[in-house]
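Okay, so here's the structure we're looking at.
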Amino acid sequence: MSYQFSCAAAGAVTCGCKVTASTEEELRTVLADHLAKKHKVKAPNETLLAHLVASATRTGSEPAA
Ligand SMILES: [Zn+2]
């Protein structure tokens with residue numbers, strides 16, 4: 001499974017950024033970095049991160065073992 005996140009879909013319509021990650025943990029790390037660089041959010045809190053993760057689209061399937 002992978003996560004696809006779009007700032008526009010999460011409400012930041014002026015940001016065309018799209019992010020993909022293979023795990024929720026990776027997505028949170030990438031989002032925190034993006035927020036700091038593009039949205040001037042130095043330390044996103046848990047509420048914000050949880051909201052953003054929830055707005056991400058889960059795609060694909062588990063890799064074959
Ligand atoms: Zn953005």
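Simple scheme: letters A, B, ... for chains in structure tokens order, numbers from 1 for residues in each chain, numbers from 1 for ligands in the order shown.
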May I have the residues within 12 Å of ligand 1, computed using only C-alpha atoms and all ligand atoms, as a PyMOL selection string?
chain A and resi 5-19+30-41+52
Residues just named, written with C-alpha atoms as a PDB file, in the first residue's frame:
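Writing done, so here's part_24.pdb:
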```pdb
ATOM      1  CA  PHE A   5      -1.178  13.161  -0.642  1.00  0.00           C
ATOM      2  CA  SER A   6      -2.145  16.354  -2.411  1.00  0.00           C
ATOM      3  CA  CYS A   7      -2.013  19.717  -0.657  1.00  0.00           C
ATOM      4  CA  ALA A   8      -4.856  20.960  -2.845  1.00  0.00           C
ATOM      5  CA  ALA A   9      -7.051  18.055  -1.781  1.00  0.00           C
ATOM      6  CA  ALA A  10      -6.271  18.816   1.857  1.00  0.00           C
ATOM      7  CA  GLY A  11      -7.389  22.417   1.502  1.00  0.00           C
ATOM      8  CA  ALA A  12      -4.189  24.235   0.517  1.00  0.00           C
ATOM      9  CA  VAL A  13      -5.514  24.976  -2.942  1.00  0.00           C
ATOM     10  CA  THR A  14      -2.663  27.281  -3.888  1.00  0.00           C
ATOM     11  CA  CYS A  15      -0.071  24.563  -3.374  1.00  0.00           C
ATOM     12  CA  GLY A  16       0.266  22.101  -6.218  1.00  0.00           C
ATOM     13  CA  CYS A  17       2.443  19.764  -4.215  1.00  0.00           C
ATOM     14  CA  LYS A  18       1.799  16.050  -4.358  1.00  0.00           C
ATOM     15  CA  VAL A  19       3.541  13.622  -2.067  1.00  0.00           C
ATOM     16  CA  VAL A  30       7.674  13.998   4.285  1.00  0.00           C
ATOM     17  CA  LEU A  31       4.697  16.155   5.190  1.00  0.00           C
ATOM     18  CA  ALA A  32       6.455  17.720   8.167  1.00  0.00           C
ATOM     19  CA  ASP A  33       9.387  18.580   5.910  1.00  0.00           C
ATOM     20  CA  HIS A  34       7.112  19.997   3.230  1.00  0.00           C
ATOM     21  CA  LEU A  35       5.118  22.043   5.744  1.00  0.00           C
ATOM     22  CA  ALA A  36       8.300  23.573   7.106  1.00  0.00           C
ATOM     23  CA  LYS A  37       9.673  24.449   3.663  1.00  0.00           C
ATOM     24  CA  LYS A  38       6.548  25.517   1.785  1.00  0.00           C
ATOM     25  CA  HIS A  39       3.970  26.453   4.375  1.00  0.00           C
ATOM     26  CA  LYS A  40       6.130  27.968   7.086  1.00  0.00           C
ATOM     27  CA  VAL A  41       4.843  25.494   9.640  1.00  0.00           C
ATOM     28  CA  LEU A  52      -3.342  15.512   6.605  1.00  0.00           C
TER      29      LEU A  52
END
```
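Running DSSP on the backbone and keeping only strand (DSSP E), the residues of chain A that qualify are Ser2, Tyr3, Gln4, Phe5, Ser6, Lys18, Val19, Thr20, Ala21, Thr57, Arg58 and Thr59 of chain A.
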Take the residues from that selection and write them out as an mmCIF file, in the first residue's frame, keeping N, CA and C atoms.
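Below is the file that was written, part09.cif:
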```cif
data_model
loop_
_atom_site.group_PDB
_atom_site.id
_atom_site.type_symbol
_atom_site.label_atom_id
_atom_site.label_comp_id
_atom_site.auth_asym_id
_atom_site.auth_seq_id
_atom_site.Cartn_x
_atom_site.Cartn_y
_atom_site.Cartn_z
ATOM 1 N N SER A 2 0.379 2.257 -0.656
ATOM 2 C CA SER A 2 1.100 3.516 -0.615
ATOM 3 C C SER A 2 0.113 4.650 -0.358
ATOM 4 N N TYR A 3 0.670 5.773 0.046
ATOM 5 C CA TYR A 3 -0.136 6.936 0.352
ATOM 6 C C TYR A 3 0.156 8.011 -0.681
ATOM 7 N N GLN A 4 -0.898 8.600 -1.203
ATOM 8 C CA GLN A 4 -0.745 9.729 -2.100
ATOM 9 C C GLN A 4 -1.438 10.923 -1.472
ATOM 10 N N PHE A 5 -0.654 11.975 -1.296
ATOM 11 C CA PHE A 5 -1.178 13.161 -0.642
ATOM 12 C C PHE A 5 -1.070 14.348 -1.576
ATOM 13 N N SER A 6 -2.127 15.134 -1.618
ATOM 14 C CA SER A 6 -2.145 16.354 -2.411
ATOM 15 C C SER A 6 -2.531 17.514 -1.504
ATOM 16 N N LYS A 18 2.303 17.401 -4.588
ATOM 17 C CA LYS A 18 1.799 16.050 -4.358
ATOM 18 C C LYS A 18 2.923 15.228 -3.752
ATOM 19 N N VAL A 19 2.564 14.409 -2.799
ATOM 20 C CA VAL A 19 3.541 13.622 -2.067
ATOM 21 C C VAL A 19 3.107 12.167 -2.092
ATOM 22 N N THR A 20 4.077 11.286 -2.277
ATOM 23 C CA THR A 20 3.764 9.865 -2.144
ATOM 24 C C THR A 20 4.686 9.247 -1.108
ATOM 25 N N ALA A 21 4.183 8.276 -0.389
ATOM 26 C CA ALA A 21 4.978 7.586 0.616
ATOM 27 C C ALA A 21 4.462 6.159 0.729
ATOM 28 N N THR A 57 -4.703 9.670 0.072
ATOM 29 C CA THR A 57 -5.368 8.550 -0.585
ATOM 30 C C THR A 57 -4.492 7.309 -0.478
ATOM 31 N N ARG A 58 -5.100 6.248 -0.017
ATOM 32 C CA ARG A 58 -4.353 4.992 0.085
ATOM 33 C C ARG A 58 -4.552 4.209 -1.207
ATOM 34 N N THR A 59 -3.452 3.817 -1.813
ATOM 35 C CA THR A 59 -3.555 3.139 -3.099
ATOM 36 C C THR A 59 -2.688 1.877 -3.115
#
```
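The spacing separating atom CA of A:Ser22 from atom CA of A:Val53 amounts to 12.3 Å.
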